[in-house]
>>> print(open('upload_2.txt').read())   # compact mmCIF, C-alpha atoms
# COMPACT_ATOMS: atom_id res chain seq x y z
CA MET A 1 139.04 -18.39 82.85
CA ARG A 2 138.34 -17.86 86.56
CA PHE A 3 136.97 -14.37 85.82
CA ARG A 4 134.64 -15.85 83.21
CA ARG A 5 133.37 -18.50 85.64
CA ARG A 6 132.70 -15.81 88.24
CA GLN A 7 130.80 -13.82 85.64
CA GLN A 8 128.74 -16.90 84.80
CA LYS A 9 127.92 -17.46 88.47
CA ILE A 10 126.85 -13.84 88.97
CA PHE A 11 124.75 -14.06 85.83
CA ALA A 12 123.08 -17.28 87.08
CA VAL A 13 122.22 -15.66 90.44
CA LEU A 14 120.80 -12.57 88.73
CA PHE A 15 118.86 -14.73 86.28
CA TRP A 16 117.15 -16.72 89.06
CA LEU A 17 116.45 -13.56 91.07
CA ALA A 18 114.75 -12.15 87.97
CA VAL A 19 112.71 -15.37 87.59
CA TRP A 20 111.70 -15.14 91.26
CA GLY A 21 110.74 -11.47 90.89
CA LEU A 22 108.71 -12.19 87.76
CA PHE A 23 106.97 -15.11 89.45
CA ALA A 24 106.13 -12.94 92.50
CA LEU A 25 104.79 -10.28 90.12
CA LEU A 26 102.60 -12.86 88.36
CA VAL A 27 101.24 -14.26 91.65
CA GLY A 28 100.71 -10.70 92.87
CA GLN A 29 100.30 -11.61 96.54
CA GLU A 30 103.08 -10.79 98.94
CA LEU A 31 101.70 -13.31 101.43
CA LEU A 32 102.25 -16.18 98.98
CA VAL A 33 105.42 -15.11 97.16
CA PRO A 34 107.20 -11.96 98.35
CA GLN A 35 109.43 -9.96 96.01
CA PRO A 36 113.20 -10.58 96.41
CA TYR A 37 113.76 -6.97 97.55
CA LEU A 38 111.18 -7.43 100.32
CA VAL A 39 112.98 -10.55 101.53
CA LEU A 40 116.32 -8.73 101.47
CA GLU A 41 114.76 -5.82 103.33
CA ARG A 42 113.40 -8.24 105.95
CA LEU A 43 116.76 -9.97 106.18
CA TRP A 44 118.46 -6.63 106.74
CA LEU A 45 116.00 -5.86 109.51
CA LEU A 46 116.47 -9.26 111.14
CA ALA A 47 120.25 -8.97 110.90
CA GLY A 48 120.07 -5.80 112.99
CA ARG A 49 118.77 -7.74 116.00
CA SER A 50 120.98 -9.66 118.40
CA SER A 51 118.44 -12.51 118.54
CA PHE A 52 119.14 -13.17 114.85
CA TYR A 53 122.73 -14.14 115.64
CA LEU A 54 121.66 -16.10 118.72
CA ASN A 55 119.29 -18.20 116.58
CA LEU A 56 121.89 -18.55 113.88
CA LEU A 57 124.70 -19.62 116.23
CA HIS A 58 122.58 -22.13 118.09
CA SER A 59 121.43 -23.78 114.85
CA LEU A 60 124.97 -23.71 113.51
CA TYR A 61 126.25 -25.34 116.70
CA ARG A 62 123.66 -28.14 116.65
CA ILE A 63 124.06 -28.91 112.95
CA CYS A 64 127.88 -28.70 112.99
CA LEU A 65 128.09 -30.94 116.05
CA GLY A 66 125.67 -33.43 114.49
CA PHE A 67 127.59 -33.37 111.22
CA LEU A 68 130.93 -33.83 112.99
CA LEU A 69 129.63 -36.73 115.10
CA GLY A 70 128.04 -38.32 112.02
CA THR A 71 131.31 -37.99 110.12
CA VAL A 72 133.47 -39.44 112.91
CA LEU A 73 131.01 -42.27 113.58
CA GLY A 74 130.73 -42.92 109.81
CA ALA A 75 134.51 -43.13 109.51
CA ILE A 76 134.83 -45.51 112.50
CA LEU A 77 132.01 -47.77 111.28
CA ALA A 78 133.44 -47.74 107.73
CA TYR A 79 136.83 -48.78 109.07
CA LEU A 80 135.21 -51.62 111.04
CA THR A 81 133.15 -52.63 107.99
CA THR A 82 136.22 -52.93 105.78
CA ALA A 83 138.49 -54.39 108.45
CA ASN A 84 136.25 -57.23 109.59
CA PRO A 85 133.62 -59.06 107.47
CA TRP A 86 131.61 -59.90 110.60
CA ALA A 87 131.49 -56.25 111.63
CA GLY A 88 130.49 -55.41 108.05
CA ALA A 89 127.67 -57.96 108.15
CA ILE A 90 126.32 -56.36 111.32
CA ILE A 91 126.73 -52.72 110.26
CA GLU A 92 125.38 -52.93 106.69
CA PRO A 93 121.73 -53.75 107.55
CA LEU A 94 121.77 -51.07 110.24
CA MET A 95 122.79 -48.49 107.65
CA SER A 96 120.07 -49.69 105.28
CA VAL A 97 117.46 -49.29 108.04
CA ILE A 98 118.70 -45.78 108.98
CA ARG A 99 118.79 -44.75 105.33
CA SER A 100 115.27 -45.88 104.54
CA THR A 101 113.56 -44.71 107.73
CA PRO A 102 111.51 -41.54 107.06
CA ILE A 103 113.06 -38.48 108.68
CA ALA A 104 109.69 -37.56 110.26
CA SER A 105 109.55 -40.94 112.06
CA ILE A 106 113.06 -40.40 113.39
CA ILE A 107 112.25 -36.89 114.65
CA ILE A 108 108.98 -37.93 116.32
CA LEU A 109 110.65 -40.91 117.98
CA LEU A 110 113.54 -38.77 119.20
CA LEU A 111 111.11 -36.14 120.54
CA ILE A 112 109.87 -38.73 123.02
CA TRP A 113 113.35 -39.53 124.26
CA LEU A 114 115.46 -36.37 124.07
CA SER A 115 115.57 -32.61 124.67
CA PRO A 116 115.01 -30.35 121.64
CA THR A 117 118.77 -29.83 121.19
CA GLY A 118 119.36 -33.58 121.53
CA VAL A 119 116.67 -34.25 118.92
CA VAL A 120 118.31 -31.93 116.37
CA ILE A 121 121.84 -33.23 116.94
CA SER A 122 120.77 -36.90 116.89
CA CYS A 123 118.65 -36.35 113.80
CA VAL A 124 121.58 -34.77 111.93
CA VAL A 125 123.87 -37.62 113.06
CA LEU A 126 121.43 -40.22 111.74
CA ILE A 127 121.02 -38.44 108.42
CA VAL A 128 124.75 -37.86 107.87
CA LEU A 129 125.94 -41.24 109.14
CA PRO A 130 124.89 -43.49 106.20
CA VAL A 131 126.16 -40.95 103.64
CA MET A 132 129.56 -40.74 105.34
CA TRP A 133 129.75 -44.47 106.03
CA SER A 134 129.05 -45.52 102.42
CA ASN A 135 131.52 -43.00 100.99
CA PHE A 136 134.24 -43.92 103.48
CA VAL A 137 133.72 -47.62 102.70
CA ALA A 138 133.98 -46.91 98.96
CA GLY A 139 137.13 -44.81 99.54
CA ILE A 140 138.84 -47.37 101.76
CA ASN A 141 138.02 -50.18 99.33
CA TYR A 142 139.30 -48.23 96.35
CA ARG A 143 142.67 -49.51 95.24
CA ASP A 144 144.99 -48.28 92.52
CA PRO A 145 146.70 -51.60 91.68
CA GLN A 146 149.62 -49.86 89.99
CA LEU A 147 150.46 -47.65 92.98
CA GLU A 148 149.87 -50.58 95.33
CA GLU A 149 152.66 -52.40 93.46
CA VAL A 150 154.90 -49.36 93.81
CA ALA A 151 154.27 -49.47 97.57
CA ASP A 152 155.00 -53.21 97.66
CA LEU A 153 158.21 -52.92 95.66
CA PHE A 154 159.61 -49.97 97.57
CA GLY A 155 158.56 -51.41 100.93
CA PHE A 156 156.22 -48.64 102.09
CA SER A 157 155.43 -48.68 105.79
CA ARG A 158 151.83 -48.93 107.01
CA TRP A 159 151.80 -45.17 107.73
CA LYS A 160 153.08 -44.34 104.25
CA ARG A 161 150.46 -46.56 102.64
CA TRP A 162 147.72 -44.77 104.57
CA ARG A 163 149.12 -41.32 103.95
CA TYR A 164 149.93 -41.66 100.25
CA LEU A 165 147.56 -44.37 99.00
CA ARG A 166 144.50 -44.62 101.23
CA VAL A 167 143.97 -40.97 102.19
CA PRO A 168 144.22 -39.60 98.61
CA ALA A 169 141.82 -42.39 97.55
CA ILE A 170 139.37 -41.56 100.34
CA LEU A 171 139.45 -37.75 99.88
CA PRO A 172 137.37 -37.53 96.66
CA PHE A 173 134.73 -39.75 98.28
CA PHE A 174 134.89 -37.63 101.44
CA PHE A 175 134.45 -34.41 99.45
CA ALA A 176 131.41 -35.88 97.70
CA ALA A 177 130.05 -37.01 101.08
CA VAL A 178 130.54 -33.54 102.60
CA GLN A 179 128.65 -31.93 99.73
CA THR A 180 125.73 -34.36 99.97
CA GLY A 181 125.83 -34.80 103.75
CA LEU A 182 125.86 -31.09 104.59
CA GLY A 183 122.81 -30.45 102.44
CA PHE A 184 121.00 -33.30 104.18
CA ALA A 185 122.22 -32.11 107.59
CA TRP A 186 120.72 -28.65 107.14
CA LYS A 187 117.46 -30.00 105.74
CA ALA A 188 117.04 -32.58 108.51
CA GLY A 189 118.40 -30.30 111.24
CA VAL A 190 116.05 -27.40 110.43
CA ALA A 191 113.12 -29.83 110.05
CA ALA A 192 113.94 -31.25 113.49
CA GLU A 193 114.08 -27.70 114.90
CA VAL A 194 110.67 -26.89 113.42
CA LEU A 195 109.20 -29.96 115.12
CA SER A 196 111.10 -29.80 118.41
CA ILE A 197 111.05 -25.97 118.72
CA PRO A 198 114.23 -25.23 120.72
CA ARG A 199 114.32 -21.72 122.29
CA HIS A 200 116.95 -20.31 119.91
CA ALA A 201 116.89 -21.88 116.45
CA ILE A 202 116.37 -21.02 112.81
CA GLY A 203 113.77 -23.79 112.67
CA THR A 204 111.81 -22.19 115.52
CA ARG A 205 111.81 -18.87 113.67
CA LEU A 206 110.54 -20.69 110.57
CA TYR A 207 107.79 -22.19 112.71
CA ASP A 208 106.92 -18.69 113.99
CA ALA A 209 106.85 -17.40 110.42
CA LYS A 210 104.38 -20.13 109.54
CA ILE A 211 102.16 -19.38 112.57
CA TYR A 212 102.10 -15.61 111.94
CA LEU A 213 102.02 -15.95 108.13
CA GLU A 214 105.27 -13.97 107.78
CA THR A 215 106.23 -15.28 104.35
CA ALA A 216 109.03 -12.74 103.94
CA ASP A 217 110.57 -13.99 107.22
CA LEU A 218 110.26 -17.57 106.00
CA PHE A 219 112.11 -16.69 102.80
CA ALA A 220 114.72 -14.65 104.70
CA TRP A 221 115.52 -17.46 107.14
CA THR A 222 115.61 -20.00 104.29
CA PHE A 223 118.05 -17.72 102.49
CA VAL A 224 120.21 -17.68 105.64
CA VAL A 225 120.16 -21.49 105.80
CA ILE A 226 121.27 -21.74 102.15
CA LEU A 227 124.09 -19.23 102.71
CA LEU A 228 125.26 -21.01 105.88
CA SER A 229 125.18 -24.40 104.18
CA ILE A 230 127.29 -23.16 101.26
CA ALA A 231 129.73 -21.31 103.55
CA LEU A 232 130.12 -24.35 105.80
CA GLU A 233 130.67 -26.69 102.85
CA LYS A 234 133.32 -24.41 101.35
CA SER A 235 135.12 -23.93 104.67
CA ILE A 236 135.19 -27.67 105.45
CA LEU A 237 136.52 -28.55 102.00
CA MET A 238 139.10 -25.76 102.20
CA THR A 239 140.23 -26.90 105.66
CA VAL A 240 140.64 -30.50 104.51
CA ARG A 241 142.60 -29.43 101.40
CA ARG A 242 144.85 -27.18 103.51
CA ALA A 243 145.39 -29.99 106.02
CA GLY A 244 146.39 -32.26 103.13
CA ARG A 245 148.89 -29.70 101.83
CA TYR A 246 150.28 -29.20 105.34
CA LEU A 247 150.76 -32.95 105.76
CA ASP A 248 152.57 -33.08 102.41
CA ARG A 249 155.00 -30.47 103.72
CA VAL A 250 155.73 -32.00 107.13
CA LYS A 251 155.92 -35.66 106.04
CA MET B 1 176.83 -64.76 88.55
CA GLY B 2 173.87 -62.68 89.73
CA ILE B 3 170.66 -64.32 88.58
CA ILE B 4 170.01 -67.81 87.25
CA ILE B 5 166.72 -68.43 85.50
CA ARG B 6 165.65 -72.02 85.05
CA ASN B 7 162.76 -73.30 82.91
CA LEU B 8 160.72 -70.21 83.67
CA SER B 9 157.16 -70.27 82.35
CA LYS B 10 154.33 -67.84 82.77
CA ALA B 11 150.87 -67.67 81.25
CA TYR B 12 147.92 -65.31 81.71
CA GLY B 13 144.84 -67.45 81.18
CA ASP B 14 145.29 -69.16 77.84
CA LYS B 15 148.03 -66.80 76.73
CA LYS B 16 151.51 -68.14 77.31
CA VAL B 17 154.10 -65.38 77.49
CA LEU B 18 157.19 -67.17 78.75
CA CYS B 19 157.91 -70.80 77.99
CA ALA B 20 160.76 -72.66 79.70
CA LEU B 21 163.11 -69.67 79.63
CA ASN B 22 166.69 -70.29 80.73
CA ALA B 23 169.20 -67.53 81.27
CA GLU B 24 172.08 -66.45 83.45
CA MET B 25 172.89 -62.87 84.29
CA PRO B 26 176.01 -61.34 85.84
CA ASP B 27 175.85 -59.54 89.18
CA THR B 28 176.90 -56.21 87.68
CA GLY B 29 176.65 -54.39 84.36
CA TYR B 30 173.93 -53.88 81.80
CA VAL B 31 171.72 -56.70 80.60
CA ALA B 32 169.30 -55.99 77.75
CA ILE B 33 166.11 -57.95 77.28
CA LEU B 34 164.86 -57.85 73.73
CA GLY B 35 161.91 -59.31 71.90
CA SER B 36 158.81 -58.32 70.03
CA SER B 37 155.71 -56.97 71.76
CA GLY B 38 153.87 -59.36 74.04
CA VAL B 39 156.62 -61.99 74.32
CA GLY B 40 156.92 -61.51 78.06
CA LYS B 41 159.72 -58.99 78.60
CA THR B 42 157.79 -57.05 81.21
CA SER B 43 156.56 -60.31 82.75
CA LEU B 44 160.16 -61.41 83.17
CA LEU B 45 161.02 -58.18 85.00
CA ARG B 46 157.95 -58.56 87.20
CA LEU B 47 158.91 -62.13 88.03
CA ILE B 48 162.44 -61.04 88.95
CA ALA B 49 160.98 -58.24 91.11
CA GLY B 50 158.78 -60.78 92.88
CA LEU B 51 155.59 -58.98 91.89
CA GLU B 52 154.33 -62.19 90.29
CA GLU B 53 154.88 -65.90 90.80
CA PRO B 54 156.03 -68.11 87.92
CA ASP B 55 153.80 -70.98 86.80
CA GLU B 56 156.85 -73.18 86.46
CA GLY B 57 160.58 -72.86 86.90
CA GLU B 58 162.58 -70.71 89.27
CA ILE B 59 164.67 -67.59 89.61
CA ILE B 60 167.77 -68.05 91.74
CA PHE B 61 169.59 -65.04 93.15
CA THR B 62 173.21 -65.92 93.79
CA TYR B 63 173.79 -63.15 96.29
CA SER B 64 174.87 -63.70 99.89
CA GLU B 65 171.63 -62.06 101.05
CA THR B 66 168.30 -61.49 99.32
CA PRO B 67 169.11 -58.65 96.93
CA LYS B 68 167.35 -55.31 97.12
CA ILE B 69 165.52 -54.76 93.85
CA SER B 70 164.58 -51.37 92.44
CA MET B 71 162.39 -50.85 89.41
CA VAL B 72 161.18 -48.33 86.88
CA PHE B 73 157.79 -49.53 85.70
CA GLN B 74 156.65 -49.36 82.09
CA GLU B 75 154.00 -46.88 83.22
CA ASP B 76 155.58 -44.13 85.32
CA ARG B 77 153.44 -44.85 88.37
CA LEU B 78 154.12 -41.57 90.10
CA PHE B 79 151.87 -40.06 92.75
CA PRO B 80 150.16 -37.37 90.67
CA HIS B 81 149.41 -34.97 93.54
CA LEU B 82 153.01 -34.92 94.79
CA SER B 83 155.88 -32.87 93.37
CA ALA B 84 158.75 -34.50 91.48
CA ARG B 85 161.07 -34.29 94.51
CA GLU B 86 158.42 -35.65 96.86
CA ASN B 87 157.79 -38.58 94.55
CA VAL B 88 161.48 -39.40 94.60
CA ALA B 89 161.97 -38.87 98.35
CA LEU B 90 158.95 -41.01 99.13
CA VAL B 91 160.92 -44.25 98.86
CA GLY B 92 163.46 -43.18 101.50
CA ASP B 93 163.27 -43.25 105.28
CA ASP B 94 164.97 -39.98 106.19
CA ARG B 95 162.69 -37.28 104.82
CA ALA B 96 165.00 -34.23 105.03
CA ASN B 97 168.02 -36.04 103.65
CA ASP B 98 165.97 -37.83 101.00
CA LEU B 99 164.59 -34.54 99.69
CA LYS B 100 168.14 -33.22 99.30
CA GLN B 101 169.17 -36.43 97.53
CA ALA B 102 166.09 -36.21 95.32
CA ASP B 103 167.04 -32.67 94.26
CA ILE B 104 170.56 -33.81 93.37
CA LEU B 105 169.33 -36.81 91.37
CA LEU B 106 166.69 -34.82 89.53
CA THR B 107 169.23 -32.13 88.64
CA GLN B 108 171.61 -34.81 87.37
CA LEU B 109 168.84 -36.10 85.14
CA GLY B 110 168.19 -32.62 83.73
CA LEU B 111 165.09 -31.89 85.82
CA GLY B 112 166.55 -29.22 88.08
CA ASP B 113 163.96 -26.68 86.96
CA CYS B 114 160.92 -28.72 87.80
CA ILE B 115 161.63 -30.36 91.13
CA TYR B 116 158.66 -28.56 92.70
CA GLN B 117 156.31 -29.31 89.83
CA ARG B 118 153.54 -31.80 90.49
CA ALA B 119 153.99 -35.15 88.75
CA ALA B 120 150.65 -34.72 86.99
CA GLU B 121 152.00 -31.60 85.26
CA LEU B 122 155.17 -33.23 83.88
CA SER B 123 155.64 -34.48 80.32
CA GLY B 124 156.04 -38.17 79.55
CA GLY B 125 159.84 -37.98 79.25
CA MET B 126 160.11 -36.02 82.50
CA LYS B 127 157.97 -38.56 84.33
CA ARG B 128 160.24 -41.36 83.11
CA ARG B 129 163.24 -39.58 84.61
CA VAL B 130 161.45 -38.88 87.90
CA ALA B 131 160.62 -42.59 88.08
CA LEU B 132 164.30 -43.36 87.43
CA ALA B 133 165.40 -40.91 90.14
CA ARG B 134 163.00 -42.62 92.56
CA SER B 135 164.46 -45.98 91.69
CA LEU B 136 168.02 -44.65 92.12
CA LEU B 137 167.26 -43.12 95.50
CA TYR B 138 165.81 -46.41 96.69
CA GLY B 139 169.03 -48.13 95.61
CA GLY B 140 169.71 -51.84 95.45
CA GLN B 141 171.78 -54.56 93.84
CA ILE B 142 169.39 -55.04 90.93
CA TYR B 143 167.72 -52.33 88.83
CA LEU B 144 164.87 -53.29 86.52
CA LEU B 145 164.17 -50.66 83.88
CA ASP B 146 161.09 -51.31 81.80
CA GLU B 147 161.08 -49.26 78.60
CA LEU B 148 162.85 -46.44 80.41
CA PHE B 149 164.55 -45.11 77.30
CA THR B 150 161.50 -45.05 75.06
CA GLY B 151 160.83 -41.60 73.67
CA LEU B 152 163.94 -39.95 75.13
CA ASP B 153 165.86 -37.67 72.79
CA ASP B 154 169.63 -38.14 72.33
CA GLN B 155 170.57 -35.45 74.84
CA THR B 156 168.30 -36.81 77.56
CA LEU B 157 169.38 -40.36 76.81
CA CYS B 158 172.98 -39.23 77.28
CA GLN B 159 172.08 -37.66 80.67
CA VAL B 160 170.36 -40.87 81.75
CA THR B 161 173.17 -43.22 80.70
CA LYS B 162 175.71 -40.89 82.31
CA THR B 163 173.87 -41.42 85.61
CA LEU B 164 173.42 -45.13 85.08
CA ASP B 165 176.94 -46.03 83.84
CA PRO B 166 178.74 -45.68 87.21
CA LEU B 167 175.88 -47.53 88.86
CA SER B 168 176.21 -50.47 86.47
CA GLU B 169 179.74 -51.05 87.74
CA ALA B 170 178.39 -52.01 91.15
CA ALA B 171 174.88 -53.26 90.38
CA LEU B 172 173.01 -55.29 87.81
CA VAL B 173 170.96 -53.07 85.49
CA ILE B 174 168.43 -55.05 83.48
CA PHE B 175 166.55 -53.08 80.90
CA VAL B 176 163.82 -53.79 78.42
CA SER B 177 163.97 -51.62 75.34
CA HIS B 178 163.26 -51.46 71.66
CA ASP B 179 165.85 -48.71 71.36
CA THR B 180 168.93 -49.99 69.54
CA ARG B 181 170.91 -46.83 70.48
CA LEU B 182 171.66 -48.53 73.79
CA LEU B 183 172.94 -51.77 72.37
CA THR B 184 176.53 -50.67 72.45
CA ASP B 185 179.53 -52.39 73.93
CA ARG B 186 178.45 -51.23 77.40
CA VAL B 187 175.83 -54.02 77.41
CA LYS B 188 177.30 -57.18 78.94
CA GLN B 189 174.56 -59.52 77.86
CA ILE B 190 171.55 -59.56 75.57
CA ILE B 191 168.66 -61.90 76.26
CA ARG B 192 166.30 -62.38 73.35
CA ILE B 193 162.90 -63.71 74.20
CA GLU B 194 161.14 -65.56 71.40
CA PRO B 195 157.35 -65.84 71.23
CA ALA B 196 156.16 -68.77 73.37
>>> encode(input="upload_2.txt", output="structure tokens")
Amino acid sequence: MRFRRRQQKIFAVLFWLAVWGLFALLVGQELLVPQPYLVLERLWLLAGRSSFYLNLLHSLYRICLGFLLGTVLGAILAYLTTANPWAGAIIEPLMSVIRSTPIASIIILLLIWLSPTGVVISCVVLIVLPVMWSNFVAGINYRDPQLEEVADLFGFSRWKRWRYLRVPAILPFFFAAVQTGLGFAWKAGVAAEVLSIPRHAIGTRLYDAKIYLETADLFAWTFVVILLSIALEKSILMTVRRAGRYLDRVK
Amino acid sequence: MGIIIRNLSKAYGDKKVLCALNAEMPDTGYVAILGSSGVGKTSLLRLIAGLEEPDEGEIIFTYSETPKISMVFQEDRLFPHLSARENVALVGDDRANDLKQADILLTQLGLGDCIYQRAAELSGGMKRRVALARSLLYGGQIYLLDELFTGLDDQTLCQVTKTLDPLSEAALVIFVSHDTRLLTDRVKQIIRIEPA
């Protein structure tokens, strides 16, 4: 079954690469749509330079830090929202405003106030925060009435209720939030880098590619962003699952 | 005497399930609650467990202290992501010791081979026994068993009653069942609930 799914995934990747290649062939201009092999060739070349990893690590640091801060802040605000109706009444409109504010407005406003790195981190925090907050609120509010009764009857402590009822209820919402939030974080983070142009950043290299009409570079860096986003998502989800299994063992 | 039930009534919206029920139960031994579907057998257990409040009437526990009540719900209500032994040990306070106890209880109930299996992967009959083991580990003066014996084959039923019989000498075991195999001389009292 697993082997078949892997085969399907490989097939899907090859299929879309073929579509891309065919499209590039139809357009016939490398400047507009480069062939996949040219992008890979460019990527290989870029990967041979130390600056590639410097750009990559700096972007990774900013986006990870922003994502982490957004997640922690989202969890704290969600707890306050569910714990106190007054806090909820104050936080909810704030989240609506953050959610509906255009990302470009946020970046331009932040550019006036902060350093390029600060702009990127703050921008990612603001993008991730409402996603995390709403999912944490939904997870905390979710109740399985049958298991709640089990906890009541067998006199579960507060810790046990959190560990065995709340956390398993929150986790599916958290996983969904990580998948959505990480995608948003990379999109917003790279966009913020393009506009704020930090010294070492994937976004800055994308900006350079635009200035010098290096379409192959643009595709190569975009490919790197996609790979990083997927790798980060998988590693976060794996870490959380492992942490859950570890907790099951120790308590 | 263990439990005295006086004029107990319960309704859910317009549907009356218990109407002025009176009964007395001993403080030890088996008590069977019988009646057709929807007459309020489960409601009675839930009222005794304190999970619901009666509309009228009262339940008096004639114990020196408030009795500890353990229950096997009609639905198994296990934590699906936890193993059988973890589900059982969850109701205790001493993790290491509770896990050992859980293993012993599960083995007694014929589940020695699947103590590490996740609850979600167990069959219906296995889940019933895990729920019973959980209830036994929690302990108490009163055990409420809602449809515990439904669907158990003769051999499993024998394993279950073998575990419960010594317990019934020191505690009150109230069970709801449609299974007449249990209505032997071991049952001290039968309470029939008529439709309200």
>>> interface_residues(input="upload_2.txt", of="chain B", to="chain A", cutoff="8 Å", atoms="only C-alpha atoms", output="list in words")
Ala49, Leu51, Ile69, Ser70, Met71, Arg77, Leu78, Phe79, Leu82, Val91, Arg95 and Tyr138 of chain B
>>> closest_residue(input="upload_2.txt", among="B:Gly57, B:Gly50, B:Gly2, B:Gly140", to="Val31 of chain B", atoms="all atoms listed in the file")
B:Gly2
>>> atom_distance(input="upload_2.txt", atom1="atom CA of Ala188 of chain A", atom2="atom CA of Leu213 of chain A")
22.4 Å
>>> residues_around(input="upload_2.txt", residues="Tyr143 of chain B", least_positions_apart="6", cutoff="10 Å", atoms="only C-alpha atoms", output="number ranges by chain")
B: 30, 45, 49, 68-72, 132, 135-136, 164, 167-168, 171-175
>>> residues_around(input="upload_2.txt", residues="segment 85-91 of chain A", least_positions_apart="2", cutoff="12 Å", atoms="all atoms listed in the file", output="list in words")
Leu73, Gly74, Ile76, Leu77, Ala78, Tyr79, Leu80, Thr81, Thr82, Ala83, Pro93, Leu94, Met95, Ser96, Val97, Ile98, Leu129, Pro130, Trp133, Ser134 and Val137 of chain A
>>> atom_distance(input="upload_2.txt", atom1="atom CA of Arg128 of chain B", atom2="atom CA of Glu194 of chain B")
26.9 Å
>>> residues_around(input="upload_2.txt", residues="Val125 of chain A", least_positions_apart="3", cutoff="6 Å", atoms="all atoms listed in the file", output="short mmCIF file (atom, residue, chain, number, x, y, z; two decimals) with C-alpha atoms, keeping the file's coordinate frame")
data_model
loop_
_atom_site.label_atom_id
_atom_site.label_comp_id
_atom_site.auth_asym_id
_atom_site.auth_seq_id
_atom_site.Cartn_x
_atom_site.Cartn_y
_atom_site.Cartn_z
CA GLY A 66 125.67 -33.43 114.49
CA PHE A 67 127.59 -33.37 111.22
CA GLY A 70 128.04 -38.32 112.02
CA SER A 122 120.77 -36.90 116.89
CA VAL A 128 124.75 -37.86 107.87
CA LEU A 129 125.94 -41.24 109.14
#
>>> residues_around(input="upload_2.txt", residues="segment 152-160 of chain B", least_positions_apart="2", cutoff="12 Å", atoms="only C-alpha atoms", output="ChimeraX atom specification")
/B:105-111,123-133,136,145,147-150,162-167,177,179,181-182
>>> atom_distance(input="upload_2.txt", atom1="atom CA of Leu34 of chain B", atom2="atom CA of Asn87 of chain B")
29.2 Å
>>> closest_residue(input="upload_2.txt", among="B:Arg192, B:Arg118, B:Lys16, B:His81", to="Ser36 of chain B", atoms="only C-alpha atoms")
B:Arg192
>>> residues_around(input="upload_2.txt", residues="Pro80 of chain B", least_positions_apart="4", cutoff="10 Å", atoms="only C-alpha atoms", output="JSON list (two decimals) with C-alpha atoms, in the coordinates of the input")
[["chain", "number", "residue", "atom", "x", "y", "z"],
["B", 84, "ALA", "CA", 158.75, -34.50, 91.48],
["B", 87, "ASN", "CA", 157.79, -38.58, 94.55],
["B", 118, "ARG", "CA", 153.54, -31.80, 90.49],
["B", 119, "ALA", "CA", 153.99, -35.15, 88.75],
["B", 120, "ALA", "CA", 150.65, -34.72, 86.99],
["B", 121, "GLU", "CA", 152.00, -31.60, 85.26],
["B", 122, "LEU", "CA", 155.17, -33.23, 83.88]]
>>> residues_near_point(input="upload_2.txt", point="(166.3, -39.3, 99.5)", cutoff="10 Å", atoms="all atoms listed in the file", output="NGL selection string")
:B and (85-105 or 133-134 or 136-138)
>>> closest_residue(input="upload_2.txt", among="A:Leu17, A:Val167, A:Ala201, A:Cys123", to="Ala185 of chain A", atoms="only C-alpha atoms")
A:Cys123
>>> closest_residue(input="upload_2.txt", among="B:Ala23, B:Leu8, B:Ala32, B:Val176", to="Leu47 of chain B", atoms="only C-alpha atoms")
B:Leu8
>>> decode(input="upload_2.txt", residues="segment 111-125 of chain B", atoms="C-alpha atoms", output="PDB file, in the first residue's frame")
ATOM      1  CA  LEU B 111      -6.655 -10.150  26.877  1.00  0.00           C
ATOM      2  CA  GLY B 112      -3.070 -11.010  27.765  1.00  0.00           C
ATOM      3  CA  ASP B 113      -2.034 -11.008  24.115  1.00  0.00           C
ATOM      4  CA  CYS B 114      -3.236  -7.539  23.290  1.00  0.00           C
ATOM      5  CA  ILE B 115      -2.275  -5.367  26.233  1.00  0.00           C
ATOM      6  CA  TYR B 116      -0.086  -3.211  23.985  1.00  0.00           C
ATOM      7  CA  GLN B 117      -2.662  -2.947  21.221  1.00  0.00           C
ATOM      8  CA  ARG B 118      -4.303   0.424  20.734  1.00  0.00           C
ATOM      9  CA  ALA B 119      -7.946   0.580  21.810  1.00  0.00           C
ATOM     10  CA  ALA B 120      -8.976   1.647  18.315  1.00  0.00           C
ATOM     11  CA  GLU B 121      -7.631  -1.651  16.944  1.00  0.00           C
ATOM     12  CA  LEU B 122      -9.563  -3.908  19.353  1.00  0.00           C
ATOM     13  CA  SER B 123     -12.791  -5.758  18.543  1.00  0.00           C
ATOM     14  CA  GLY B 124     -16.069  -4.855  20.235  1.00  0.00           C
ATOM     15  CA  GLY B 125     -15.877  -7.712  22.753  1.00  0.00           C
TER      16      GLY B 125
END
